[in-house]
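Shown here: target18.pdb, PDB, C-alpha atoms and all ligand atoms.
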ATOM      1  CA  MET A1008     178.400 233.768 206.931
ATOM      2  CA  THR A1009     177.927 237.194 205.429
ATOM      3  CA  THR A1010     174.634 238.717 204.340
ATOM      4  CA  PHE A1011     174.844 241.181 201.480
ATOM      5  CA  VAL A1012     171.404 242.401 200.441
ATOM      6  CA  VAL A1013     171.032 244.403 197.216
ATOM      7  CA  LEU A1014     167.857 246.435 197.550
ATOM      8  CA  MET A1015     166.476 247.370 194.134
ATOM      9  CA  GLY A1016     163.677 249.725 193.174
ATOM     10  CA  ALA A1017     163.102 252.855 191.108
ATOM     11  CA  PRO A1018     163.695 256.313 192.597
ATOM     12  CA  GLY A1019     160.871 256.952 195.071
ATOM     13  CA  ALA A1020     160.107 253.265 195.697
ATOM     14  CA  GLY A1021     161.020 253.691 199.360
ATOM     15  CA  LYS A1022     164.398 251.931 199.269
ATOM     16  CA  GLY A1023     166.034 254.410 201.638
ATOM     17  CA  THR A1024     163.303 254.196 204.274
ATOM     18  CA  GLN A1025     163.231 250.416 204.067
ATOM     19  CA  ALA A1026     167.029 250.116 204.132
ATOM     20  CA  LYS A1027     167.213 252.218 207.310
ATOM     21  CA  MET A1028     164.657 249.955 209.002
ATOM     22  CA  LEU A1029     166.469 246.837 207.816
ATOM     23  CA  GLU A1030     169.711 248.238 209.171
ATOM     24  CA  LYS A1031     168.200 248.241 212.654
ATOM     25  CA  ALA A1032     166.323 244.959 212.356
ATOM     26  CA  LEU A1033     169.216 242.966 210.887
ATOM     27  CA  GLU A1034     172.095 244.843 212.518
ATOM     28  CA  LEU A1035     173.755 245.297 209.152
ATOM     29  CA  PRO A1036     174.923 248.697 207.892
ATOM     30  CA  GLN A1037     173.013 250.483 205.133
ATOM     31  CA  VAL A1038     175.404 251.400 202.337
ATOM     32  CA  ALA A1039     173.606 254.078 200.328
ATOM     33  CA  THR A1040     175.690 255.587 197.553
ATOM     34  CA  GLY A1041     173.351 258.603 197.263
ATOM     35  CA  ASP A1042     173.887 259.327 200.982
ATOM     36  CA  LEU A1043     177.654 258.874 200.623
ATOM     37  CA  PHE A1044     177.709 261.346 197.732
ATOM     38  CA  ARG A1045     175.554 263.816 199.692
ATOM     39  CA  ALA A1046     177.908 263.545 202.700
ATOM     40  CA  ASN A1047     180.840 264.324 200.397
ATOM     41  CA  LEU A1048     178.932 267.242 198.969
ATOM     42  CA  LYS A1049     178.249 268.624 202.433
ATOM     43  CA  ASN A1050     181.919 268.304 203.377
ATOM     44  CA  GLN A1051     182.883 269.909 200.066
ATOM     45  CA  THR A1052     185.313 267.163 199.111
ATOM     46  CA  ALA A1053     186.618 266.832 195.558
ATOM     47  CA  LEU A1054     184.401 263.750 195.162
ATOM     48  CA  GLY A1055     181.391 265.730 196.379
ATOM     49  CA  LYS A1056     182.018 268.515 193.860
ATOM     50  CA  LEU A1057     182.356 266.034 191.034
ATOM     51  CA  ALA A1058     179.233 264.124 192.075
ATOM     52  CA  LYS A1059     177.114 267.282 192.325
ATOM     53  CA  SER A1060     177.382 268.042 188.631
ATOM     54  CA  TYR A1061     175.844 264.655 187.845
ATOM     55  CA  MET A1062     173.350 264.526 190.702
ATOM     56  CA  ASP A1063     171.848 267.910 189.849
ATOM     57  CA  LYS A1064     170.987 266.613 186.385
ATOM     58  CA  GLY A1065     169.767 263.231 187.570
ATOM     59  CA  GLU A1066     172.658 261.544 185.760
ATOM     60  CA  LEU A1067     174.761 258.738 187.181
ATOM     61  CA  VAL A1068     178.145 259.539 188.661
ATOM     62  CA  PRO A1069     180.784 257.654 186.589
ATOM     63  CA  ASP A1070     181.208 253.990 187.520
ATOM     64  CA  GLU A1071     184.900 254.235 188.301
ATOM     65  CA  VAL A1072     184.399 256.891 190.965
ATOM     66  CA  THR A1073     181.310 255.201 192.410
ATOM     67  CA  VAL A1074     182.902 251.761 192.598
ATOM     68  CA  ALA A1075     186.017 253.170 194.309
ATOM     69  CA  MET A1076     183.806 254.835 196.929
ATOM     70  CA  VAL A1077     181.886 251.582 197.543
ATOM     71  CA  ARG A1078     185.097 249.555 197.757
ATOM     72  CA  ASP A1079     186.300 251.951 200.417
ATOM     73  CA  ARG A1080     183.029 251.716 202.344
ATOM     74  CA  LEU A1081     182.733 247.919 202.196
ATOM     75  CA  SER A1082     186.323 247.578 203.406
ATOM     76  CA  GLN A1083     185.381 249.124 206.719
ATOM     77  CA  PRO A1084     185.042 246.743 209.673
ATOM     78  CA  ASP A1085     181.313 247.319 210.233
ATOM     79  CA  CYS A1086     180.620 245.637 206.865
ATOM     80  CA  LYS A1087     182.379 242.412 207.770
ATOM     81  CA  ASN A1088     179.086 240.547 208.303
ATOM     82  CA  GLY A1089     177.389 242.074 205.291
ATOM     83  CA  ALA A1090     175.471 245.207 204.314
ATOM     84  CA  ILE A1091     172.221 246.491 202.892
ATOM     85  CA  MET A1092     173.155 247.964 199.507
ATOM     86  CA  ASP A1093     170.846 250.877 198.711
ATOM     87  CA  GLY A1094     171.194 252.581 195.321
ATOM     88  CA  PHE A1095     174.175 250.486 194.263
ATOM     89  CA  PRO A1096     174.697 248.851 191.833
ATOM     90  CA  ARG A1097     172.924 250.964 189.239
ATOM     91  CA  THR A1098     174.701 249.783 186.075
ATOM     92  CA  LEU A1099     175.845 246.429 184.787
ATOM     93  CA  ALA A1100     179.480 247.472 185.212
ATOM     94  CA  GLN A1101     178.783 248.313 188.860
ATOM     95  CA  ALA A1102     177.059 244.960 189.379
ATOM     96  CA  GLN A1103     180.069 243.157 187.943
ATOM     97  CA  ALA A1104     182.390 245.242 190.109
ATOM     98  CA  LEU A1105     180.325 244.364 193.182
ATOM     99  CA  ASP A1106     180.582 240.652 192.365
ATOM    100  CA  GLU A1107     184.354 240.975 192.065
ATOM    101  CA  LEU A1108     184.579 242.951 195.266
ATOM    102  CA  LEU A1109     182.527 240.421 197.198
ATOM    103  CA  THR A1110     184.596 237.554 195.805
ATOM    104  CA  GLU A1111     187.652 239.350 197.177
ATOM    105  CA  PHE A1112     185.938 239.474 200.558
ATOM    106  CA  ASP A1113     185.008 235.802 200.250
ATOM    107  CA  ALA A1114     181.347 236.812 200.225
ATOM    108  CA  GLN A1115     178.395 236.865 197.848
ATOM    109  CA  ILE A1116     174.985 238.448 197.367
ATOM    110  CA  ALA A1117     172.341 236.698 199.471
ATOM    111  CA  ILE A1118     169.224 238.223 197.930
ATOM    112  CA  VAL A1119     168.037 241.043 195.652
ATOM    113  CA  PRO A1120     164.652 242.267 196.895
ATOM    114  CA  HIS A1121     162.937 244.417 194.258
ATOM    115  CA  VAL A1122     160.503 246.937 195.724
ATOM    116  CA  VAL A1123     157.942 247.364 192.959
ATOM    117  CA  VAL A1124     155.839 250.551 192.630
ATOM    118  CA  ALA A1125     153.937 251.793 189.551
ATOM    119  CA  ILE A1126     155.608 254.682 187.744
ATOM    120  CA  ASP A1127     152.825 257.252 188.222
ATOM    121  CA  VAL A1128     152.839 256.587 191.978
ATOM    122  CA  LEU A1129     156.628 257.027 192.010
ATOM    123  CA  VAL A1130     156.563 260.388 190.269
ATOM    124  CA  GLU A1131     153.901 261.673 192.659
ATOM    125  CA  ARG A1132     155.928 260.488 195.659
ATOM    126  CA  LEU A1133     159.074 262.193 194.380
ATOM    127  CA  PHE A1134     157.265 265.508 193.927
ATOM    128  CA  LYS A1135     155.979 265.254 197.493
ATOM    129  CA  ARG A1136     159.469 264.442 198.777
ATOM    130  CA  ALA A1137     160.812 267.466 196.904
ATOM    131  CA  GLU A1138     158.455 269.688 198.896
ATOM    132  CA  ILE A1139     159.266 268.073 202.231
ATOM    133  CA  GLU A1140     163.021 267.480 202.008
ATOM    134  CA  GLY A1141     164.047 270.142 199.538
ATOM    135  CA  ARG A1142     166.583 267.904 197.809
ATOM    136  CA  THR A1143     168.155 269.878 194.961
ATOM    137  CA  ASP A1144     167.767 266.889 192.647
ATOM    138  CA  ASP A1145     164.019 266.617 193.261
ATOM    139  CA  ASN A1146     162.854 269.148 190.663
ATOM    140  CA  GLU A1147     160.589 268.065 187.832
ATOM    141  CA  GLU A1148     163.172 267.817 185.082
ATOM    142  CA  THR A1149     165.647 265.932 187.253
ATOM    143  CA  ILE A1150     162.975 263.560 188.513
ATOM    144  CA  ARG A1151     161.952 262.677 184.967
ATOM    145  CA  ASN A1152     165.577 262.161 183.993
ATOM    146  CA  ARG A1153     166.242 259.914 186.993
ATOM    147  CA  MET A1154     163.303 257.765 185.911
ATOM    148  CA  ARG A1155     164.690 257.567 182.376
ATOM    149  CA  VAL A1156     168.140 256.654 183.696
ATOM    150  CA  PHE A1157     166.608 253.994 185.922
ATOM    151  CA  GLN A1158     164.737 252.409 183.015
ATOM    152  CA  ALA A1159     167.743 252.525 180.702
ATOM    153  CA  GLU A1160     170.653 251.691 183.014
ATOM    154  CA  THR A1161     169.363 250.068 186.178
ATOM    155  CA  ALA A1162     166.267 248.069 185.210
ATOM    156  CA  PRO A1163     168.411 245.679 183.070
ATOM    157  CA  LEU A1164     170.198 244.662 186.270
ATOM    158  CA  LEU A1165     167.065 242.901 187.384
ATOM    159  CA  HIS A1166     167.522 240.551 184.475
ATOM    160  CA  TYR A1167     171.154 239.977 185.468
ATOM    161  CA  TYR A1168     170.107 239.010 189.000
ATOM    162  CA  HIS A1169     166.953 237.153 187.887
ATOM    163  CA  GLU A1170     169.116 234.740 185.933
ATOM    164  CA  ARG A1171     170.930 233.897 189.139
ATOM    165  CA  GLY A1172     167.657 233.349 190.999
ATOM    166  CA  LEU A1173     168.361 236.165 193.447
ATOM    167  CA  VAL A1174     165.369 238.459 192.838
ATOM    168  CA  VAL A1175     162.340 238.511 195.134
ATOM    169  CA  GLU A1176     159.590 240.959 194.205
ATOM    170  CA  ILE A1177     157.974 242.942 196.993
ATOM    171  CA  ASP A1178     154.862 245.065 196.425
ATOM    172  CA  GLY A1179     156.015 248.523 197.483
ATOM    173  CA  ASP A1180     152.667 250.286 197.093
ATOM    174  CA  ARG A1181     151.541 249.485 200.624
ATOM    175  CA  PRO A1182     152.121 250.921 204.101
ATOM    176  CA  ILE A1183     155.794 251.101 205.105
ATOM    177  CA  GLU A1184     155.363 248.483 207.850
ATOM    178  CA  ALA A1185     153.787 245.928 205.504
ATOM    179  CA  VAL A1186     156.619 246.327 202.991
ATOM    180  CA  GLN A1187     159.165 246.021 205.792
ATOM    181  CA  ALA A1188     157.570 242.828 207.140
ATOM    182  CA  ASP A1189     157.719 241.176 203.701
ATOM    183  CA  LEU A1190     161.303 242.296 203.181
ATOM    184  CA  LEU A1191     162.391 240.892 206.521
ATOM    185  CA  GLN A1192     160.641 237.627 205.881
ATOM    186  CA  ALA A1193     162.226 237.243 202.440
ATOM    187  CA  ILE A1194     165.716 238.132 203.657
ATOM    188  CA  LYS A1195     165.560 235.906 206.703
ATOM    189  CA  ALA A1196     164.320 232.972 204.626
ATOM    190  CA  THR A1197     167.167 233.301 202.137
ATOM    191  CA  ALA A1198     170.003 234.506 204.283
ATOM    192  CA  ASP A1199     169.346 232.069 207.108
ATOM    193  CA  LEU A1200     169.691 234.829 209.701
TER     194      LEU A1200
HETATM  195  P1  LIG B1301     169.777 258.381 195.411
HETATM  196  O1  LIG B1301     169.850 259.068 196.734
HETATM  197  O2  LIG B1301     170.109 256.911 195.506
HETATM  198  O3  LIG B1301     168.495 258.643 194.677
HETATM  199  O4  LIG B1301     170.946 259.007 194.517
HETATM  200  C1  LIG B1301     170.985 260.378 194.185
HETATM  201  C2  LIG B1301     171.943 260.610 193.031
HETATM  202  O5  LIG B1301     173.260 260.191 193.395
HETATM  203  C3  LIG B1301     171.639 259.840 191.763
HETATM  204  O6  LIG B1301     170.670 260.482 190.958
HETATM  205  C4  LIG B1301     173.012 259.811 191.095
HETATM  206  O7  LIG B1301     173.334 261.060 190.519
HETATM  207  C5  LIG B1301     173.931 259.612 192.284
HETATM  208  N1  LIG B1301     174.131 258.168 192.562
HETATM  209  C6  LIG B1301     173.696 257.471 193.653
HETATM  210  N2  LIG B1301     174.049 256.180 193.575
HETATM  211  C7  LIG B1301     174.724 256.030 192.395
HETATM  212  C8  LIG B1301     175.332 254.939 191.736
HETATM  213  N3  LIG B1301     175.305 253.692 192.244
HETATM  214  N4  LIG B1301     175.945 255.178 190.545
HETATM  215  C9  LIG B1301     175.991 256.412 190.026
HETATM  216  N5  LIG B1301     175.414 257.479 190.579
HETATM  217  C10 LIG B1301     174.789 257.315 191.767
END
How does this structure look as structure tokens?
Ligand code: AMP
Amino acid sequence: MTTFVVLMGAPGAGKGTQAKMLEKALELPQVATGDLFRANLKNQTALGKLAKSYMDKGELVPDEVTVAMVRDRLSQPDCKNGAIMDGFPRTLAQAQALDELLTEFDAQIAIVPHVVVAIDVLVERLFKRAEIEGRTDDNEETIRNRMRVFQAETAPLLHYYHERGLVVEIDGDRPIEAVQADLLQAIKATADL
């Protein structure tokens, strides 16, 4: 049995923090496309240079490039039992590509937890994170654009997964530990871990 979890939520919803905790609790790797792009950027790879031009504007890196990177990552042995997908898929084409990829691996998505946080809370959180972490894509204009991109490109995915009965909504406007406890409970109930 494999357990592929697709963690959904708007920028600032706390996906990254939660995914890191789930990684430890479930012993499944976190596959975060934003982190993979940032690692490429740091190592100054061609992929990193390409990604930067999109990331700095809060735009999505093209699907083809992103899907190839995820295919590569999911092919690694540590993903054989599953993974916590964080920040991928973000478009319908990516979601379809993930389904195809998992079919190839004889696997499927176990659950799509959606960490829900009101938009004004999200924007405030992102501004705070900008101060603390100094991410170059955490300036005001980029933050607003990332929200727009989320609404336009990524939010429709919830519908795609809803239709398959995979979505579980988790109230993300609570202490980190409370959100984590609910996530773990939901995943364990569905994935039979
Ligand atoms: P994140 O760390 O998930 O907020 O991602 C930071 C940035 O990386 C995004 O604003 C995008 O520019 C890029 N990115 C991350 N994941 C994806 C994805 N699945 N598809 C396209 N671009 C992505």
With 6 Å added on each side, what axis-aligned box encloses every listed atom of segment 1183-1195 of chain A? Give the centre and edge lengths in Å to one decimal, as lines of an AutoDock Vina configuration file.
center_x = 159.8
center_y = 243.5
center_z = 205.1
size_x = 23.9
size_y = 27.2
size_z = 17.4
Show me, as CSV, the residues of chain A having an atom within 9 Å of ligand LIG 1301 (chain B), each with the closest atom pair and its distance in Å, using all atoms listed in the file.
residue,atom,partner,partner_atom,distance
A:Ala1017,CA,B:LIG1301,O3,8.7
A:Pro1018,CA,B:LIG1301,O3,5.7
A:Gly1019,CA,B:LIG1301,O3,7.8
A:Lys1022,CA,B:LIG1301,O2,8.5
A:Gly1023,CA,B:LIG1301,O1,7.8
A:Ala1039,CA,B:LIG1301,O2,6.6
A:Thr1040,CA,B:LIG1301,N2,4.3
A:Gly1041,CA,B:LIG1301,O1,3.6
A:Asp1042,CA,B:LIG1301,O1,5.9
A:Leu1043,CA,B:LIG1301,C6,8.1
A:Phe1044,CA,B:LIG1301,O5,6.3
A:Arg1045,CA,B:LIG1301,O5,7.6
A:Ala1058,CA,B:LIG1301,O7,6.8
A:Lys1059,CA,B:LIG1301,O7,7.5
A:Ser1060,CA,B:LIG1301,O7,8.3
A:Tyr1061,CA,B:LIG1301,O7,5.1
A:Met1062,CA,B:LIG1301,O7,3.5
A:Asp1063,CA,B:LIG1301,O7,7.0
A:Lys1064,CA,B:LIG1301,O7,7.3
A:Gly1065,CA,B:LIG1301,O6,4.5
A:Glu1066,CA,B:LIG1301,O7,4.8
A:Leu1067,CA,B:LIG1301,N5,3.7
A:Val1068,CA,B:LIG1301,N5,3.9
A:Pro1069,CA,B:LIG1301,C9,6.0
A:Asp1070,CA,B:LIG1301,N4,6.2
A:Val1072,CA,B:LIG1301,C9,8.5
A:Thr1073,CA,B:LIG1301,N4,5.7
A:Val1074,CA,B:LIG1301,N3,7.8
A:Val1077,CA,B:LIG1301,N3,8.7
A:Asp1093,CA,B:LIG1301,O2,6.9
A:Gly1094,CA,B:LIG1301,O2,4.5
A:Phe1095,CA,B:LIG1301,N3,4.0
A:Pro1096,CA,B:LIG1301,N3,4.9
A:Arg1097,CA,B:LIG1301,N3,4.7
A:Thr1098,CA,B:LIG1301,N4,7.1
A:Gln1101,CA,B:LIG1301,N3,7.2
A:Asp1144,CA,B:LIG1301,O6,7.2
A:Thr1149,CA,B:LIG1301,O6,8.3
A:Ile1150,CA,B:LIG1301,O6,8.6
A:Asn1152,CA,B:LIG1301,O6,8.8
A:Arg1153,CA,B:LIG1301,O6,6.0
A:Val1156,CA,B:LIG1301,O6,8.6
Practice item. May I ask for the distance between atom CA of Ile1194 of chain A and atom CA of Pro1120 of chain A, given in Å to one decimal place? Key: 8.0 Å
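With all atoms listed in the file as the atoms that count, the minimum distance from Gln1037 of chain A to the choices A:Thr1052, A:Gln1158, A:Thr1197, A:Thr1010 is reached by A:Thr1010.
Put simply, the PyMOL selection byres (((chain A and resi 1033) around 10) and not hetatm) in this file takes in Thr1010, Met1028, Leu1029, Glu1030, Lys1031, Ala1032, Glu1034, Leu1035, Pro1036, Gly1089, Ala1090, Ile1091, Leu1191, Ile1194, Lys1195 and Leu1200 of chain A.
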Point to revise | Residues within 12 Å of (151.3, 247.0, 194.0), file coords, all atoms listed in the file, listed as a VMD selection string | key: chain A and resid 1020 1121 to 1129 1176 to 1182 1185 to 1186
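In this structure, atom CA of Val1119 of chain A sits 26.0 Å away from atom CA of Asp1145 of chain A.
Of the listed residues (A:Leu1099, A:Phe1112, A:Ile1139, A:Ala1198), A:Leu1099 comes nearest to Tyr1168 of chain A; the distances count only C-alpha atoms.
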Check your understanding: To one decimal place, how far is atom CA of Glu1107 of chain A from atom CA of Asp1189 of chain A in Å?
Key -> 29.1 Å
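Comparing the minimum interatomic distances between Val1013 of chain A and each of A:Thr1110, A:Gln1115, A:Asn1088, A:Ser1082, counting all atoms listed in the file, we find that A:Gln1115 sits nearest.
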Please produce segment 1084-1105 of chain A, completed to N, CA and C atoms, as a PDB file, keeping the file's coordinate frame.
ATOM      1  N   PRO A1084     185.337 247.903 208.831  1.00  0.00           N
ATOM      2  CA  PRO A1084     185.042 246.743 209.673  1.00  0.00           C
ATOM      3  C   PRO A1084     183.555 246.489 209.926  1.00  0.00           C
ATOM      4  N   ASP A1085     182.736 247.550 209.928  1.00  0.00           N
ATOM      5  CA  ASP A1085     181.313 247.319 210.233  1.00  0.00           C
ATOM      6  C   ASP A1085     180.599 246.546 209.118  1.00  0.00           C
ATOM      7  N   CYS A1086     181.247 246.388 207.969  1.00  0.00           N
ATOM      8  CA  CYS A1086     180.620 245.637 206.865  1.00  0.00           C
ATOM      9  C   CYS A1086     181.076 244.184 206.829  1.00  0.00           C
ATOM     10  N   LYS A1087     181.786 243.764 207.851  1.00  0.00           N
ATOM     11  CA  LYS A1087     182.379 242.412 207.770  1.00  0.00           C
ATOM     12  C   LYS A1087     181.322 241.297 207.744  1.00  0.00           C
ATOM     13  N   ASN A1088     180.139 241.565 208.328  1.00  0.00           N
ATOM     14  CA  ASN A1088     179.086 240.547 208.303  1.00  0.00           C
ATOM     15  C   ASN A1088     178.104 240.731 207.155  1.00  0.00           C
ATOM     16  N   GLY A1089     178.286 241.805 206.403  1.00  0.00           N
ATOM     17  CA  GLY A1089     177.389 242.074 205.291  1.00  0.00           C
ATOM     18  C   GLY A1089     176.924 243.518 205.300  1.00  0.00           C
ATOM     19  N   ALA A1090     175.987 243.838 204.414  1.00  0.00           N
ATOM     20  CA  ALA A1090     175.471 245.207 204.314  1.00  0.00           C
ATOM     21  C   ALA A1090     174.180 245.200 203.518  1.00  0.00           C
ATOM     22  N   ILE A1091     173.407 246.273 203.714  1.00  0.00           N
ATOM     23  CA  ILE A1091     172.221 246.491 202.892  1.00  0.00           C
ATOM     24  C   ILE A1091     172.633 247.502 201.825  1.00  0.00           C
ATOM     25  N   MET A1092     172.758 247.067 200.585  1.00  0.00           N
ATOM     26  CA  MET A1092     173.155 247.964 199.507  1.00  0.00           C
ATOM     27  C   MET A1092     171.916 248.717 199.007  1.00  0.00           C
ATOM     28  N   ASP A1093     171.994 250.032 199.056  1.00  0.00           N
ATOM     29  CA  ASP A1093     170.846 250.877 198.711  1.00  0.00           C
ATOM     30  C   ASP A1093     171.281 251.874 197.633  1.00  0.00           C
ATOM     31  N   GLY A1094     170.822 251.660 196.416  1.00  0.00           N
ATOM     32  CA  GLY A1094     171.194 252.581 195.321  1.00  0.00           C
ATOM     33  C   GLY A1094     172.481 252.190 194.617  1.00  0.00           C
ATOM     34  N   PHE A1095     172.991 251.045 194.919  1.00  0.00           N
ATOM     35  CA  PHE A1095     174.175 250.486 194.263  1.00  0.00           C
ATOM     36  C   PHE A1095     174.026 248.983 194.221  1.00  0.00           C
ATOM     37  N   PRO A1096     174.275 248.308 193.118  1.00  0.00           N
ATOM     38  CA  PRO A1096     174.697 248.851 191.833  1.00  0.00           C
ATOM     39  C   PRO A1096     173.542 249.462 191.039  1.00  0.00           C
ATOM     40  N   ARG A1097     173.914 250.318 190.101  1.00  0.00           N
ATOM     41  CA  ARG A1097     172.924 250.964 189.239  1.00  0.00           C
ATOM     42  C   ARG A1097     173.224 250.730 187.770  1.00  0.00           C
ATOM     43  N   THR A1098     174.362 250.124 187.463  1.00  0.00           N
ATOM     44  CA  THR A1098     174.701 249.783 186.075  1.00  0.00           C
ATOM     45  C   THR A1098     175.258 248.361 186.080  1.00  0.00           C
ATOM     46  N   LEU A1099     175.313 247.783 184.898  1.00  0.00           N
ATOM     47  CA  LEU A1099     175.845 246.429 184.787  1.00  0.00           C
ATOM     48  C   LEU A1099     177.319 246.394 185.216  1.00  0.00           C
ATOM     49  N   ALA A1100     178.057 247.424 184.829  1.00  0.00           N
ATOM     50  CA  ALA A1100     179.480 247.472 185.212  1.00  0.00           C
ATOM     51  C   ALA A1100     179.623 247.519 186.733  1.00  0.00           C
ATOM     52  N   GLN A1101     178.733 248.254 187.394  1.00  0.00           N
ATOM     53  CA  GLN A1101     178.783 248.313 188.860  1.00  0.00           C
ATOM     54  C   GLN A1101     178.428 246.957 189.473  1.00  0.00           C
ATOM     55  N   ALA A1102     177.462 246.272 188.862  1.00  0.00           N
ATOM     56  CA  ALA A1102     177.059 244.960 189.379  1.00  0.00           C
ATOM     57  C   ALA A1102     178.223 243.979 189.265  1.00  0.00           C
ATOM     58  N   GLN A1103     178.923 244.051 188.132  1.00  0.00           N
ATOM     59  CA  GLN A1103     180.069 243.157 187.943  1.00  0.00           C
ATOM     60  C   GLN A1103     181.174 243.505 188.925  1.00  0.00           C
ATOM     61  N   ALA A1104     181.371 244.800 189.149  1.00  0.00           N
ATOM     62  CA  ALA A1104     182.390 245.242 190.109  1.00  0.00           C
ATOM     63  C   ALA A1104     182.036 244.771 191.521  1.00  0.00           C
ATOM     64  N   LEU A1105     180.749 244.818 191.846  1.00  0.00           N
ATOM     65  CA  LEU A1105     180.325 244.364 193.182  1.00  0.00           C
ATOM     66  C   LEU A1105     180.593 242.862 193.338  1.00  0.00           C
TER      67      LEU A1105
END
